[in-house]
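S.K.: Quick one, query01.cif (mmCIF, N, CA and C atoms and all ligand atoms):
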```
data_upload
#
loop_
_atom_site.label_atom_id
_atom_site.label_comp_id
_atom_site.auth_asym_id
_atom_site.auth_seq_id
_atom_site.Cartn_x
_atom_site.Cartn_y
_atom_site.Cartn_z
N MET A 40 14.07 19.61 39.48
CA MET A 40 13.46 18.28 39.35
C MET A 40 12.15 18.36 38.57
N LEU A 41 11.35 19.39 38.90
CA LEU A 41 10.07 19.56 38.21
C LEU A 41 10.28 19.79 36.72
N LYS A 42 11.34 20.56 36.43
CA LYS A 42 11.67 20.85 35.04
C LYS A 42 11.93 19.56 34.27
N PHE A 43 12.62 18.66 34.93
CA PHE A 43 12.97 17.38 34.30
C PHE A 43 11.71 16.57 33.99
N VAL A 44 10.78 16.58 34.96
CA VAL A 44 9.53 15.84 34.77
C VAL A 44 8.75 16.42 33.59
N ILE A 45 8.65 17.73 33.54
CA ILE A 45 7.93 18.40 32.44
C ILE A 45 8.58 18.05 31.11
N LEU A 46 9.91 18.07 31.09
CA LEU A 46 10.65 17.75 29.87
C LEU A 46 10.36 16.31 29.43
N ALA A 47 10.36 15.39 30.42
CA ALA A 47 10.12 13.99 30.10
C ALA A 47 8.71 13.81 29.54
N VAL A 48 7.73 14.48 30.15
CA VAL A 48 6.35 14.38 29.68
C VAL A 48 6.23 14.96 28.28
N ALA A 49 6.88 16.10 28.07
CA ALA A 49 6.84 16.75 26.76
C ALA A 49 7.41 15.83 25.69
N CYS A 50 8.53 15.20 26.02
CA CYS A 50 9.16 14.27 25.07
C CYS A 50 8.23 13.10 24.78
N PHE A 51 7.59 12.61 25.82
CA PHE A 51 6.69 11.47 25.65
C PHE A 51 5.53 11.84 24.73
N ILE A 52 4.94 13.01 24.97
CA ILE A 52 3.81 13.47 24.15
C ILE A 52 4.26 13.64 22.69
N LEU A 53 5.43 14.24 22.54
CA LEU A 53 5.98 14.45 21.19
C LEU A 53 6.18 13.11 20.49
N TYR A 54 6.74 12.16 21.24
CA TYR A 54 6.99 10.84 20.68
C TYR A 54 5.68 10.19 20.24
N LYS A 55 4.66 10.30 21.09
CA LYS A 55 3.35 9.73 20.78
C LYS A 55 2.75 10.37 19.52
N LEU A 56 2.88 11.69 19.44
CA LEU A 56 2.35 12.42 18.28
C LEU A 56 3.01 11.96 16.99
N VAL A 57 4.33 11.82 17.06
CA VAL A 57 5.08 11.43 15.86
C VAL A 57 4.70 10.02 15.43
N THR A 58 4.63 9.09 16.38
CA THR A 58 4.33 7.71 16.01
C THR A 58 2.88 7.58 15.53
N ASN A 59 1.96 8.29 16.16
CA ASN A 59 0.56 8.26 15.71
C ASN A 59 0.42 8.81 14.30
N ASP A 60 1.16 9.87 14.04
CA ASP A 60 1.10 10.53 12.75
C ASP A 60 1.54 9.57 11.64
N LYS A 61 2.61 8.84 11.92
CA LYS A 61 3.10 7.88 10.93
C LYS A 61 2.04 6.83 10.62
N LYS A 62 1.40 6.32 11.67
CA LYS A 62 0.39 5.28 11.50
C LYS A 62 -0.77 5.82 10.67
N LYS A 63 -1.18 7.07 10.97
CA LYS A 63 -2.29 7.69 10.25
C LYS A 63 -1.97 7.83 8.77
N LYS A 64 -0.74 8.22 8.47
CA LYS A 64 -0.34 8.41 7.08
C LYS A 64 -0.46 7.10 6.31
N VAL A 65 -0.06 6.01 6.93
CA VAL A 65 -0.15 4.70 6.28
C VAL A 65 -1.62 4.36 6.03
N ASP A 66 -2.47 4.61 7.04
CA ASP A 66 -3.90 4.35 6.89
C ASP A 66 -4.49 5.15 5.75
N VAL A 67 -4.13 6.43 5.69
CA VAL A 67 -4.66 7.31 4.63
C VAL A 67 -4.21 6.80 3.28
N LYS A 68 -2.96 6.40 3.19
CA LYS A 68 -2.42 5.89 1.92
C LYS A 68 -3.20 4.65 1.48
N ASN A 69 -3.43 3.74 2.40
CA ASN A 69 -4.17 2.53 2.07
C ASN A 69 -5.59 2.86 1.61
N LYS A 70 -6.22 3.82 2.31
CA LYS A 70 -7.59 4.21 1.96
C LYS A 70 -7.63 4.82 0.57
N GLN A 71 -6.62 5.66 0.28
CA GLN A 71 -6.56 6.28 -1.04
C GLN A 71 -6.42 5.23 -2.13
N GLU A 72 -5.58 4.24 -1.87
CA GLU A 72 -5.38 3.17 -2.86
C GLU A 72 -6.66 2.38 -3.06
N GLU A 73 -7.36 2.10 -1.96
CA GLU A 73 -8.63 1.37 -2.07
C GLU A 73 -9.64 2.16 -2.88
N LYS A 74 -9.68 3.47 -2.64
CA LYS A 74 -10.62 4.33 -3.36
C LYS A 74 -10.31 4.32 -4.85
N LEU A 75 -9.02 4.48 -5.17
CA LEU A 75 -8.62 4.48 -6.58
C LEU A 75 -8.91 3.13 -7.23
N ALA A 76 -8.76 2.07 -6.46
CA ALA A 76 -9.04 0.74 -6.99
C ALA A 76 -10.52 0.61 -7.32
N GLN A 77 -11.36 1.18 -6.43
CA GLN A 77 -12.80 1.13 -6.66
C GLN A 77 -13.18 1.94 -7.89
N GLU A 78 -12.44 3.02 -8.11
CA GLU A 78 -12.73 3.87 -9.27
C GLU A 78 -12.16 3.29 -10.56
N GLY A 79 -11.39 2.22 -10.42
CA GLY A 79 -10.85 1.57 -11.61
C GLY A 79 -9.55 2.17 -12.08
N VAL A 80 -8.94 3.04 -11.26
CA VAL A 80 -7.66 3.65 -11.63
C VAL A 80 -6.52 2.67 -11.32
N LEU A 81 -6.67 2.01 -10.17
CA LEU A 81 -5.66 1.04 -9.77
C LEU A 81 -6.25 -0.36 -9.78
N VAL A 82 -5.42 -1.32 -10.04
CA VAL A 82 -5.86 -2.72 -9.94
C VAL A 82 -4.91 -3.44 -9.00
N LYS A 83 -5.43 -4.48 -8.37
CA LYS A 83 -4.62 -5.20 -7.40
C LYS A 83 -3.84 -6.30 -8.12
N ASP A 84 -2.55 -6.31 -7.82
CA ASP A 84 -1.71 -7.40 -8.27
C ASP A 84 -2.22 -8.67 -7.57
N PRO A 85 -2.69 -9.67 -8.33
CA PRO A 85 -3.30 -10.85 -7.69
C PRO A 85 -2.30 -11.72 -6.95
N VAL A 86 -1.01 -11.50 -7.16
CA VAL A 86 0.00 -12.33 -6.51
C VAL A 86 0.39 -11.77 -5.15
N CYS A 87 0.80 -10.50 -5.11
CA CYS A 87 1.30 -9.95 -3.84
C CYS A 87 0.34 -8.93 -3.21
N GLY A 88 -0.72 -8.53 -3.92
CA GLY A 88 -1.71 -7.64 -3.34
C GLY A 88 -1.37 -6.17 -3.44
N THR A 89 -0.29 -5.83 -4.12
CA THR A 89 0.09 -4.43 -4.31
C THR A 89 -0.85 -3.79 -5.34
N TYR A 90 -1.18 -2.52 -5.08
CA TYR A 90 -2.00 -1.81 -6.07
C TYR A 90 -1.10 -1.27 -7.17
N VAL A 91 -1.44 -1.54 -8.40
CA VAL A 91 -0.66 -1.04 -9.53
C VAL A 91 -1.58 -0.29 -10.48
N SER A 92 -0.98 0.60 -11.25
CA SER A 92 -1.74 1.38 -12.22
C SER A 92 -2.33 0.46 -13.28
N LYS A 93 -3.51 0.81 -13.71
CA LYS A 93 -4.16 0.03 -14.76
C LYS A 93 -3.39 0.12 -16.07
N GLU A 94 -2.55 1.16 -16.15
CA GLU A 94 -1.76 1.37 -17.36
C GLU A 94 -0.43 0.63 -17.30
N SER A 95 -0.26 -0.19 -16.27
CA SER A 95 0.99 -0.92 -16.10
C SER A 95 1.33 -1.73 -17.36
N ASP A 96 2.61 -1.74 -17.68
CA ASP A 96 3.06 -2.48 -18.87
C ASP A 96 3.10 -3.98 -18.60
N ILE A 97 3.21 -4.32 -17.32
CA ILE A 97 3.33 -5.74 -16.98
C ILE A 97 1.92 -6.30 -16.81
N ARG A 98 1.40 -6.87 -17.85
CA ARG A 98 0.02 -7.34 -17.81
C ARG A 98 -0.15 -8.58 -18.68
N ILE A 99 -1.18 -9.31 -18.37
CA ILE A 99 -1.54 -10.44 -19.24
C ILE A 99 -3.04 -10.37 -19.49
N LYS A 100 -3.44 -10.89 -20.59
CA LYS A 100 -4.86 -10.90 -20.93
C LYS A 100 -5.39 -12.32 -20.75
N GLU A 101 -6.46 -12.39 -19.98
CA GLU A 101 -7.09 -13.69 -19.77
C GLU A 101 -8.51 -13.58 -20.28
N GLY A 102 -8.73 -13.96 -21.52
CA GLY A 102 -10.05 -13.78 -22.11
C GLY A 102 -10.35 -12.30 -22.19
N GLU A 103 -11.41 -11.88 -21.47
CA GLU A 103 -11.78 -10.46 -21.47
C GLU A 103 -11.08 -9.70 -20.37
N GLU A 104 -10.55 -10.43 -19.40
CA GLU A 104 -9.95 -9.78 -18.23
C GLU A 104 -8.48 -9.51 -18.45
N VAL A 105 -8.05 -8.32 -18.00
CA VAL A 105 -6.64 -7.97 -18.04
C VAL A 105 -6.11 -7.93 -16.62
N LYS A 106 -5.03 -8.66 -16.37
CA LYS A 106 -4.42 -8.66 -15.04
C LYS A 106 -3.13 -7.86 -15.10
N CYS A 107 -2.96 -6.97 -14.13
CA CYS A 107 -1.75 -6.16 -14.07
C CYS A 107 -0.90 -6.58 -12.88
N PHE A 108 0.40 -6.49 -13.04
CA PHE A 108 1.33 -6.93 -12.00
C PHE A 108 2.35 -5.85 -11.70
N CYS A 109 2.88 -5.90 -10.46
CA CYS A 109 3.86 -4.88 -10.06
C CYS A 109 5.23 -5.20 -10.63
N SER A 110 5.47 -6.46 -10.96
CA SER A 110 6.79 -6.84 -11.47
C SER A 110 6.65 -8.09 -12.34
N TYR A 111 7.69 -8.32 -13.13
CA TYR A 111 7.67 -9.52 -13.98
C TYR A 111 7.72 -10.78 -13.12
N GLU A 112 8.34 -10.63 -11.96
CA GLU A 112 8.42 -11.75 -11.02
C GLU A 112 7.00 -12.21 -10.63
N CYS A 113 6.14 -11.23 -10.31
CA CYS A 113 4.77 -11.56 -9.93
C CYS A 113 4.00 -12.14 -11.11
N ARG A 114 4.24 -11.60 -12.28
CA ARG A 114 3.55 -12.10 -13.47
C ARG A 114 3.91 -13.57 -13.71
N ASP A 115 5.21 -13.87 -13.60
CA ASP A 115 5.65 -15.24 -13.81
C ASP A 115 5.07 -16.17 -12.76
N LYS A 116 5.00 -15.68 -11.50
CA LYS A 116 4.43 -16.49 -10.43
C LYS A 116 2.96 -16.80 -10.75
N TYR A 117 2.26 -15.77 -11.24
CA TYR A 117 0.84 -15.94 -11.54
C TYR A 117 0.66 -16.96 -12.67
N LEU A 118 1.49 -16.85 -13.69
CA LEU A 118 1.40 -17.78 -14.82
C LEU A 118 1.66 -19.21 -14.37
N LYS A 119 2.58 -19.36 -13.41
CA LYS A 119 2.87 -20.70 -12.89
C LYS A 119 1.68 -21.23 -12.07
N MET A 120 1.02 -20.30 -11.35
CA MET A 120 -0.14 -20.70 -10.53
C MET A 120 -1.28 -21.17 -11.42
N VAL A 121 -1.46 -20.50 -12.56
CA VAL A 121 -2.57 -20.82 -13.44
C VAL A 121 -2.36 -22.14 -14.16
N ASP A 122 -1.10 -22.39 -14.56
CA ASP A 122 -0.81 -23.62 -15.34
C ASP A 122 -1.06 -24.89 -14.56
ZN ZN B 201 3.40 -8.06 -7.17
#
```
For the structure just supplied, provide its representation as structure tokens.

M.R.:
Amino acid sequence: MLKFVILAVACFILYKLVTNDKKKKVDVKNKQEEKLAQEGVLVKDPVCGTYVSKESDIRIKEGEEVKCFCSYECRDKYLKMVD
């Protein structure tokens, strides 16, 4: 019986570790994207909020500002919003 309890606790701890780890990875990824955005490597898609490379081909020029998008769908949505 004691063995079973130890096994259950071990499984629970393992489960907690795995789920925490996943959450941490997402946090780290978001932080990395924010950092790159601050450094000017990534820009935020103004429609859906995804970070995209500044070298993205899907872009429009608005005066001096260049907007980059993750997809043509987002670009079209943005153009409709502006009009
Ligand atoms: Zn997008």

S.K.: Work out how far atom CA of A:Cys109 is from atom CA of A:Asp60, in Å to one decimal.

M.R.: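 Result for atom CA of A:Asp60 versus atom CA of A:Cys109: 27.7 Å, one decimal.
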
S.K.: In Å, rounded to a single decimal, give me how far atom ZN of ligand ZN 201 (chain B) is from atom CA of A:Ser110.

M.R.: 5.6 Å

S.K.: Work out how far atom CA of A:Lys74 is from atom N of A:Glu101, in Å to one decimal.

M.R.: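 Taking atom N of A:Glu101 as the start and atom CA of A:Lys74 as the end point, the length is 23.9 Å.
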
S.K.: Using only N, CA and C atoms and all ligand atoms, find each residue with an atom at most 8 Å away from ligand ZN 201 (chain B) and format the answer as an mmCIF file with N, CA and C atoms, in the coordinates of the input.

M.R.:
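Final output, saved to part.cif:
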```
data_model
loop_
_atom_site.group_PDB
_atom_site.id
_atom_site.type_symbol
_atom_site.label_atom_id
_atom_site.label_comp_id
_atom_site.auth_asym_id
_atom_site.auth_seq_id
_atom_site.Cartn_x
_atom_site.Cartn_y
_atom_site.Cartn_z
ATOM 1 N N LYS A 83 -5.430 -4.480 -8.370
ATOM 2 C CA LYS A 83 -4.620 -5.200 -7.400
ATOM 3 C C LYS A 83 -3.840 -6.300 -8.120
ATOM 4 N N ASP A 84 -2.550 -6.310 -7.820
ATOM 5 C CA ASP A 84 -1.710 -7.400 -8.270
ATOM 6 C C ASP A 84 -2.220 -8.670 -7.570
ATOM 7 N N PRO A 85 -2.690 -9.670 -8.330
ATOM 8 C CA PRO A 85 -3.300 -10.850 -7.690
ATOM 9 C C PRO A 85 -2.300 -11.720 -6.950
ATOM 10 N N VAL A 86 -1.010 -11.500 -7.160
ATOM 11 C CA VAL A 86 0.000 -12.330 -6.510
ATOM 12 C C VAL A 86 0.390 -11.770 -5.150
ATOM 13 N N CYS A 87 0.800 -10.500 -5.110
ATOM 14 C CA CYS A 87 1.300 -9.950 -3.840
ATOM 15 C C CYS A 87 0.340 -8.930 -3.210
ATOM 16 N N GLY A 88 -0.720 -8.530 -3.920
ATOM 17 C CA GLY A 88 -1.710 -7.640 -3.340
ATOM 18 C C GLY A 88 -1.370 -6.170 -3.440
ATOM 19 N N THR A 89 -0.290 -5.830 -4.120
ATOM 20 C CA THR A 89 0.090 -4.430 -4.310
ATOM 21 C C THR A 89 -0.850 -3.790 -5.340
ATOM 22 N N TYR A 90 -1.180 -2.520 -5.080
ATOM 23 C CA TYR A 90 -2.000 -1.810 -6.070
ATOM 24 C C TYR A 90 -1.100 -1.270 -7.170
ATOM 25 N N CYS A 107 -2.960 -6.970 -14.130
ATOM 26 C CA CYS A 107 -1.750 -6.160 -14.070
ATOM 27 C C CYS A 107 -0.900 -6.580 -12.880
ATOM 28 N N PHE A 108 0.400 -6.490 -13.040
ATOM 29 C CA PHE A 108 1.330 -6.930 -12.000
ATOM 30 C C PHE A 108 2.350 -5.850 -11.700
ATOM 31 N N CYS A 109 2.880 -5.900 -10.460
ATOM 32 C CA CYS A 109 3.860 -4.880 -10.060
ATOM 33 C C CYS A 109 5.230 -5.200 -10.630
ATOM 34 N N SER A 110 5.470 -6.460 -10.960
ATOM 35 C CA SER A 110 6.790 -6.840 -11.470
ATOM 36 C C SER A 110 6.650 -8.090 -12.340
ATOM 37 N N TYR A 111 7.690 -8.320 -13.130
ATOM 38 C CA TYR A 111 7.670 -9.520 -13.980
ATOM 39 C C TYR A 111 7.720 -10.780 -13.120
ATOM 40 N N GLU A 112 8.340 -10.630 -11.960
ATOM 41 C CA GLU A 112 8.420 -11.750 -11.020
ATOM 42 C C GLU A 112 7.000 -12.210 -10.630
ATOM 43 N N CYS A 113 6.140 -11.230 -10.310
ATOM 44 C CA CYS A 113 4.770 -11.560 -9.930
ATOM 45 C C CYS A 113 4.000 -12.140 -11.110
ATOM 46 N N ARG A 114 4.240 -11.600 -12.280
ATOM 47 C CA ARG A 114 3.550 -12.100 -13.470
ATOM 48 C C ARG A 114 3.910 -13.570 -13.710
#
```

S.K.: Do you know which residues are at most 12 Å from A:Glu72 counting only C-alpha atoms, after dropping those on the same chain fewer than 5 positions away, and could you put them as a list in words?

M.R.: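 Listed by chain and then number, they are Val65, Asp66, Val67, Gln77, Glu78, Gly79, Val80, Leu81, Val82, Lys83, Gly88, Thr89, Tyr90, Val91 and Ser92 of chain A.
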
S.K.: Write out as a JSON list (two decimals) with N, CA and C atoms, keeping the file's coordinate frame the set of residues from chain A that DSSP, computed on the backbone, places in helix (DSSP H, G or I).

M.R.:
```
[["chain", "number", "residue", "atom", "x", "y", "z"],
["A", 41, "LEU", "N", 11.35, 19.39, 38.90],
["A", 41, "LEU", "CA", 10.07, 19.56, 38.21],
["A", 41, "LEU", "C", 10.28, 19.79, 36.72],
["A", 42, "LYS", "N", 11.34, 20.56, 36.43],
["A", 42, "LYS", "CA", 11.67, 20.85, 35.04],
["A", 42, "LYS", "C", 11.93, 19.56, 34.27],
["A", 43, "PHE", "N", 12.62, 18.66, 34.93],
["A", 43, "PHE", "CA", 12.97, 17.38, 34.30],
["A", 43, "PHE", "C", 11.71, 16.57, 33.99],
["A", 44, "VAL", "N", 10.78, 16.58, 34.96],
["A", 44, "VAL", "CA", 9.53, 15.84, 34.77],
["A", 44, "VAL", "C", 8.75, 16.42, 33.59],
["A", 45, "ILE", "N", 8.65, 17.73, 33.54],
["A", 45, "ILE", "CA", 7.93, 18.40, 32.44],
["A", 45, "ILE", "C", 8.58, 18.05, 31.11],
["A", 46, "LEU", "N", 9.91, 18.07, 31.09],
["A", 46, "LEU", "CA", 10.65, 17.75, 29.87],
["A", 46, "LEU", "C", 10.36, 16.31, 29.43],
["A", 47, "ALA", "N", 10.36, 15.39, 30.42],
["A", 47, "ALA", "CA", 10.12, 13.99, 30.10],
["A", 47, "ALA", "C", 8.71, 13.81, 29.54],
["A", 48, "VAL", "N", 7.73, 14.48, 30.15],
["A", 48, "VAL", "CA", 6.35, 14.38, 29.68],
["A", 48, "VAL", "C", 6.23, 14.96, 28.28],
["A", 49, "ALA", "N", 6.88, 16.10, 28.07],
["A", 49, "ALA", "CA", 6.84, 16.75, 26.76],
["A", 49, "ALA", "C", 7.41, 15.83, 25.69],
["A", 50, "CYS", "N", 8.53, 15.20, 26.02],
["A", 50, "CYS", "CA", 9.16, 14.27, 25.07],
["A", 50, "CYS", "C", 8.23, 13.10, 24.78],
["A", 51, "PHE", "N", 7.59, 12.61, 25.82],
["A", 51, "PHE", "CA", 6.69, 11.47, 25.65],
["A", 51, "PHE", "C", 5.53, 11.84, 24.73],
["A", 52, "ILE", "N", 4.94, 13.01, 24.97],
["A", 52, "ILE", "CA", 3.81, 13.47, 24.15],
["A", 52, "ILE", "C", 4.26, 13.64, 22.69],
["A", 53, "LEU", "N", 5.43, 14.24, 22.54],
["A", 53, "LEU", "CA", 5.98, 14.45, 21.19],
["A", 53, "LEU", "C", 6.18, 13.11, 20.49],
["A", 54, "TYR", "N", 6.74, 12.16, 21.24],
["A", 54, "TYR", "CA", 6.99, 10.84, 20.68],
["A", 54, "TYR", "C", 5.68, 10.19, 20.24],
["A", 55, "LYS", "N", 4.66, 10.30, 21.09],
["A", 55, "LYS", "CA", 3.35, 9.73, 20.78],
["A", 55, "LYS", "C", 2.75, 10.37, 19.52],
["A", 56, "LEU", "N", 2.88, 11.69, 19.44],
["A", 56, "LEU", "CA", 2.35, 12.42, 18.28],
["A", 56, "LEU", "C", 3.01, 11.96, 16.99],
["A", 57, "VAL", "N", 4.33, 11.82, 17.06],
["A", 57, "VAL", "CA", 5.08, 11.43, 15.86],
["A", 57, "VAL", "C", 4.70, 10.02, 15.43],
["A", 58, "THR", "N", 4.63, 9.09, 16.38],
["A", 58, "THR", "CA", 4.33, 7.71, 16.01],
["A", 58, "THR", "C", 2.88, 7.58, 15.53],
["A", 59, "ASN", "N", 1.96, 8.29, 16.16],
["A", 59, "ASN", "CA", 0.56, 8.26, 15.71],
["A", 59, "ASN", "C", 0.42, 8.81, 14.30],
["A", 60, "ASP", "N", 1.16, 9.87, 14.04],
["A", 60, "ASP", "CA", 1.10, 10.53, 12.75],
["A", 60, "ASP", "C", 1.54, 9.57, 11.64],
["A", 61, "LYS", "N", 2.61, 8.84, 11.92],
["A", 61, "LYS", "CA", 3.10, 7.88, 10.93],
["A", 61, "LYS", "C", 2.04, 6.83, 10.62],
["A", 62, "LYS", "N", 1.40, 6.32, 11.67],
["A", 62, "LYS", "CA", 0.39, 5.28, 11.50],
["A", 62, "LYS", "C", -0.77, 5.82, 10.67],
["A", 63, "LYS", "N", -1.18, 7.07, 10.97],
["A", 63, "LYS", "CA", -2.29, 7.69, 10.25],
["A", 63, "LYS", "C", -1.97, 7.83, 8.77],
["A", 64, "LYS", "N", -0.74, 8.22, 8.47],
["A", 64, "LYS", "CA", -0.34, 8.41, 7.08],
["A", 64, "LYS", "C", -0.46, 7.10, 6.31],
["A", 65, "VAL", "N", -0.06, 6.01, 6.93],
["A", 65, "VAL", "CA", -0.15, 4.70, 6.28],
["A", 65, "VAL", "C", -1.62, 4.36, 6.03],
["A", 66, "ASP", "N", -2.47, 4.61, 7.04],
["A", 66, "ASP", "CA", -3.90, 4.35, 6.89],
["A", 66, "ASP", "C", -4.49, 5.15, 5.75],
["A", 67, "VAL", "N", -4.13, 6.43, 5.69],
["A", 67, "VAL", "CA", -4.66, 7.31, 4.63],
["A", 67, "VAL", "C", -4.21, 6.80, 3.28],
["A", 68, "LYS", "N", -2.96, 6.40, 3.19],
["A", 68, "LYS", "CA", -2.42, 5.89, 1.92],
["A", 68, "LYS", "C", -3.20, 4.65, 1.48],
["A", 69, "ASN", "N", -3.43, 3.74, 2.40],
["A", 69, "ASN", "CA", -4.17, 2.53, 2.07],
["A", 69, "ASN", "C", -5.59, 2.86, 1.61],
["A", 70, "LYS", "N", -6.22, 3.82, 2.31],
["A", 70, "LYS", "CA", -7.59, 4.21, 1.96],
["A", 70, "LYS", "C", -7.63, 4.82, 0.57],
["A", 71, "GLN", "N", -6.62, 5.66, 0.28],
["A", 71, "GLN", "CA", -6.56, 6.28, -1.04],
["A", 71, "GLN", "C", -6.42, 5.23, -2.13],
["A", 72, "GLU", "N", -5.58, 4.24, -1.87],
["A", 72, "GLU", "CA", -5.38, 3.17, -2.86],
["A", 72, "GLU", "C", -6.66, 2.38, -3.06],
["A", 73, "GLU", "N", -7.36, 2.10, -1.96],
["A", 73, "GLU", "CA", -8.63, 1.37, -2.07],
["A", 73, "GLU", "C", -9.64, 2.16, -2.88],
["A", 74, "LYS", "N", -9.68, 3.47, -2.64],
["A", 74, "LYS", "CA", -10.62, 4.33, -3.36],
["A", 74, "LYS", "C", -10.31, 4.32, -4.85],
["A", 75, "LEU", "N", -9.02, 4.48, -5.17],
["A", 75, "LEU", "CA", -8.62, 4.48, -6.58],
["A", 75, "LEU", "C", -8.91, 3.13, -7.23],
["A", 76, "ALA", "N", -8.76, 2.07, -6.46],
["A", 76, "ALA", "CA", -9.04, 0.74, -6.99],
["A", 76, "ALA", "C", -10.52, 0.61, -7.32],
["A", 77, "GLN", "N", -11.36, 1.18, -6.43],
["A", 77, "GLN", "CA", -12.80, 1.13, -6.66],
["A", 77, "GLN", "C", -13.18, 1.94, -7.89],
["A", 78, "GLU", "N", -12.44, 3.02, -8.11],
["A", 78, "GLU", "CA", -12.73, 3.87, -9.27],
["A", 78, "GLU", "C", -12.16, 3.29, -10.56],
["A", 111, "TYR", "N", 7.69, -8.32, -13.13],
["A", 111, "TYR", "CA", 7.67, -9.52, -13.98],
["A", 111, "TYR", "C", 7.72, -10.78, -13.12],
["A", 112, "GLU", "N", 8.34, -10.63, -11.96],
["A", 112, "GLU", "CA", 8.42, -11.75, -11.02],
["A", 112, "GLU", "C", 7.00, -12.21, -10.63],
["A", 113, "CYS", "N", 6.14, -11.23, -10.31],
["A", 113, "CYS", "CA", 4.77, -11.56, -9.93],
["A", 113, "CYS", "C", 4.00, -12.14, -11.11],
["A", 114, "ARG", "N", 4.24, -11.60, -12.28],
["A", 114, "ARG", "CA", 3.55, -12.10, -13.47],
["A", 114, "ARG", "C", 3.91, -13.57, -13.71],
["A", 115, "ASP", "N", 5.21, -13.87, -13.60],
["A", 115, "ASP", "CA", 5.65, -15.24, -13.81],
["A", 115, "ASP", "C", 5.07, -16.17, -12.76],
["A", 116, "LYS", "N", 5.00, -15.68, -11.50],
["A", 116, "LYS", "CA", 4.43, -16.49, -10.43],
["A", 116, "LYS", "C", 2.96, -16.80, -10.75],
["A", 117, "TYR", "N", 2.26, -15.77, -11.24],
["A", 117, "TYR", "CA", 0.84, -15.94, -11.54],
["A", 117, "TYR", "C", 0.66, -16.96, -12.67],
["A", 118, "LEU", "N", 1.49, -16.85, -13.69],
["A", 118, "LEU", "CA", 1.40, -17.78, -14.82],
["A", 118, "LEU", "C", 1.66, -19.21, -14.37],
["A", 119, "LYS", "N", 2.58, -19.36, -13.41],
["A", 119, "LYS", "CA", 2.87, -20.70, -12.89],
["A", 119, "LYS", "C", 1.68, -21.23, -12.07],
["A", 120, "MET", "N", 1.02, -20.30, -11.35],
["A", 120, "MET", "CA", -0.14, -20.70, -10.53],
["A", 120, "MET", "C", -1.28, -21.17, -11.42],
["A", 121, "VAL", "N", -1.46, -20.50, -12.56],
["A", 121, "VAL", "CA", -2.57, -20.82, -13.44],
["A", 121, "VAL", "C", -2.36, -22.14, -14.16]]
```

S.K.: Among chain A, which ones does DSSP place in strand (DSSP E or B), written as a list in words?

M.R.: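 Taking chain A and keeping strand (DSSP E or B) only, one gets Leu81, Val82, Lys83, Tyr90, Val91, Ser92, Arg98, Ile99, Lys100, Glu101, Glu104, Val105, Lys106 and Cys107 of chain A.
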